[in-house]
>>> print(open('run10.cif').read())   # mmCIF, C-alpha atoms
data_input
loop_
_atom_site.label_atom_id
_atom_site.label_comp_id
_atom_site.auth_asym_id
_atom_site.auth_seq_id
_atom_site.Cartn_x
_atom_site.Cartn_y
_atom_site.Cartn_z
CA MET A 1 172.31 130.90 107.11
CA ASP A 2 173.49 128.04 104.91
CA GLU A 3 170.89 129.06 102.32
CA ALA A 4 172.07 132.70 102.26
CA PRO A 5 175.87 132.70 101.70
CA ASN A 6 175.92 136.50 101.10
CA LEU A 7 174.11 137.28 104.36
CA LYS A 8 175.68 140.34 105.97
CA VAL A 9 173.48 140.97 109.03
CA ILE A 10 170.52 139.44 110.87
CA SER A 11 168.06 141.80 112.48
CA ASN A 12 164.96 140.73 114.35
CA PHE A 13 162.01 143.13 114.43
CA ALA A 14 161.18 141.99 117.96
CA VAL A 15 162.51 142.25 121.49
CA GLY A 16 164.74 139.17 121.73
CA VAL A 17 166.81 136.86 119.58
CA ASP A 18 165.48 133.51 120.79
CA ASN A 19 164.55 132.59 117.23
CA ILE A 20 168.07 133.19 115.87
CA ASP A 21 171.03 130.83 116.14
CA VAL A 22 173.33 133.50 117.60
CA ALA A 23 176.22 131.04 118.09
CA SER A 24 176.19 130.15 114.37
CA ALA A 25 175.93 133.81 113.39
CA THR A 26 178.83 134.69 115.68
CA LYS A 27 180.92 131.87 114.25
CA ARG A 28 180.26 133.26 110.75
CA LYS A 29 180.95 136.85 111.93
CA ILE A 30 177.39 137.91 111.06
CA PRO A 31 176.16 140.65 113.42
CA VAL A 32 172.77 140.02 115.06
CA GLY A 33 170.46 142.82 116.11
CA ASN A 34 167.03 143.25 117.56
CA THR A 35 164.68 146.06 118.54
CA PRO A 36 164.43 146.06 122.33
CA GLY A 37 161.50 148.02 123.65
CA VAL A 38 159.71 148.15 120.30
CA LEU A 39 156.62 146.43 121.72
CA THR A 40 156.64 147.82 125.26
CA ASP A 41 153.94 150.49 124.84
CA ALA A 42 151.89 148.39 122.42
CA THR A 43 151.87 145.45 124.85
CA ALA A 44 150.87 147.67 127.77
CA ASP A 45 148.12 149.25 125.64
CA MET A 46 146.83 145.84 124.60
CA ALA A 47 146.81 144.59 128.20
CA PHE A 48 144.76 147.62 129.21
CA ALA A 49 142.43 147.17 126.21
CA LEU A 50 141.85 143.51 127.13
CA LEU A 51 141.19 144.49 130.74
CA MET A 52 138.60 147.06 129.66
CA ALA A 53 137.02 144.71 127.10
CA ALA A 54 136.64 141.97 129.70
CA ALA A 55 135.25 144.30 132.36
CA ARG A 56 132.79 145.92 129.95
CA ARG A 57 131.84 142.58 128.30
CA VAL A 58 132.68 143.84 124.81
CA VAL A 59 133.14 140.44 123.14
CA GLU A 60 130.08 139.01 124.85
CA GLY A 61 128.05 142.00 123.66
CA GLU A 62 129.29 141.62 120.10
CA HIS A 63 128.31 137.92 120.10
CA TYR A 64 124.92 138.83 121.57
CA VAL A 65 124.25 141.33 118.77
CA GLN A 66 125.59 139.05 116.01
CA ALA A 67 123.33 136.23 117.22
CA GLY A 68 120.32 138.52 116.74
CA HIS A 69 119.40 138.65 120.45
CA TRP A 70 119.51 142.45 120.80
CA LYS A 71 116.10 143.97 120.23
CA THR A 72 116.02 147.13 122.34
CA TRP A 73 117.91 149.08 124.99
CA ASP A 74 117.98 147.82 128.58
CA PRO A 75 119.94 149.76 131.24
CA ARG A 76 121.19 146.52 132.84
CA LEU A 77 122.00 144.58 129.67
CA LEU A 78 125.69 143.62 129.55
CA LEU A 79 126.46 146.35 132.05
CA GLY A 80 129.88 145.07 133.06
CA ALA A 81 132.15 146.41 135.79
CA ASP A 82 132.95 150.02 136.65
CA PHE A 83 136.54 151.20 137.11
CA VAL A 84 135.62 154.50 138.74
CA GLY A 85 137.19 154.61 142.20
CA SER A 86 139.06 151.34 141.65
CA THR A 87 142.73 150.70 142.28
CA LEU A 88 144.54 148.89 139.51
CA GLY A 89 147.61 146.90 140.52
CA ILE A 90 150.49 145.99 138.25
CA ILE A 91 151.99 142.56 138.87
CA GLY A 92 155.54 142.42 137.60
CA PHE A 93 156.65 146.03 137.46
CA GLY A 94 159.15 145.45 134.66
CA ARG A 95 159.64 146.97 131.24
CA ILE A 96 155.97 146.67 130.27
CA GLY A 97 154.63 147.77 133.65
CA LYS A 98 156.63 150.97 133.37
CA ARG A 99 158.35 152.83 130.60
CA SER A 100 161.21 155.28 130.29
CA ARG A 101 160.39 158.82 129.22
CA ASN A 102 162.97 161.60 129.24
CA GLY A 103 165.29 159.38 131.28
CA ARG A 104 162.70 158.82 134.05
CA GLN A 105 160.67 155.75 134.87
CA ASP A 106 156.97 156.59 134.67
CA LEU A 107 153.83 154.54 135.09
CA ILE A 108 152.06 153.92 131.82
CA TYR A 109 148.62 153.75 133.47
CA VAL A 110 147.67 155.08 136.85
#
>>> encode(input="run10.cif", output="structure tokens")
Amino acid sequence: MDEAPNLKVISNFAVGVDNIDVASATKRKIPVGNTPGVLTDATADMAFALLMAAARRVVEGEHYVQAGHWKTWDPRLLLGADFVGSTLGIIGFGRIGKRSRNGRQDLIYV
């Protein structure tokens, strides 16, 4: 803030303001904003993508192919885990575990 004497506002394109000296901004009467919820759906999507990638051995398969080991199809090769009939639990049913839509709290993934 010392390097920007004409600073009028600080806005963080993220959920919190942990990386901003809010006390100094307040003392200088500079409003501080953030974008709560901006990453909620993206974080939930990424968690689900990582879960699927791990279960289906996606990264392992990519390394296998890049190393030149894949020669032909095999029904058991890098088969991974099935999710059919499985129950998926959400630990920590907070903002990312659920989202607000039309004023209701809904599960993102069931």
>>> atom_distance(input="run10.cif", atom1="atom CA of A:Ala49", atom2="atom CA of A:Gly16")
24.1 Å
>>> residues_around(input="run10.cif", residues="A:Pro5", least_positions_apart="4", cutoff="12 Å", atoms="all atoms listed in the file", output="MDAnalysis selection string")
chainID A and resid 1 9 25 28 30
>>> atom_distance(input="run10.cif", atom1="atom CA of A:Leu88", atom2="atom CA of A:Val59")
21.7 Å
>>> resolve_selection(input="run10.cif", expression="the PyMOL selection byres ((chain A and resi 55-57) around 8)", output="VMD selection string")
chain A and resid 51 to 54 58 to 61 78 to 82
>>> resolve_selection(input="run10.cif", expression="the PyMOL selection byres ((chain A and resi 40) around 12)", output="number ranges by chain")
A: 14-15, 35-39, 41-47, 94-100, 108
>>> write_last_selection(input="run10.cif", atoms="C-alpha atoms", output="tab-separated table (two decimals), keeping the file's coordinate frame")
chain	number	residue	atom	x	y	z
A	14	ALA	CA	161.18	141.99	117.96
A	15	VAL	CA	162.51	142.25	121.49
A	35	THR	CA	164.68	146.06	118.54
A	36	PRO	CA	164.43	146.06	122.33
A	37	GLY	CA	161.50	148.02	123.65
A	38	VAL	CA	159.71	148.15	120.30
A	39	LEU	CA	156.62	146.43	121.72
A	41	ASP	CA	153.94	150.49	124.84
A	42	ALA	CA	151.89	148.39	122.42
A	43	THR	CA	151.87	145.45	124.85
A	44	ALA	CA	150.87	147.67	127.77
A	45	ASP	CA	148.12	149.25	125.64
A	46	MET	CA	146.83	145.84	124.60
A	47	ALA	CA	146.81	144.59	128.20
A	94	GLY	CA	159.15	145.45	134.66
A	95	ARG	CA	159.64	146.97	131.24
A	96	ILE	CA	155.97	146.67	130.27
A	97	GLY	CA	154.63	147.77	133.65
A	98	LYS	CA	156.63	150.97	133.37
A	99	ARG	CA	158.35	152.83	130.60
A	100	SER	CA	161.21	155.28	130.29
A	108	ILE	CA	152.06	153.92	131.82
>>> atom_distance(input="run10.cif", atom1="atom CA of A:His69", atom2="atom CA of A:Leu50")
23.9 Å
>>> resolve_selection(input="run10.cif", expression="the PyMOL selection byres ((chain A and resi 22) around 12)", output="list in words")
Met1, Val9, Ile10, Ser11, Asn12, Gly16, Val17, Asp18, Asn19, Ile20, Asp21, Ala23, Ser24, Ala25, Thr26, Lys27, Arg28, Lys29, Ile30, Pro31, Val32, Gly33 and Asn34 of chain A
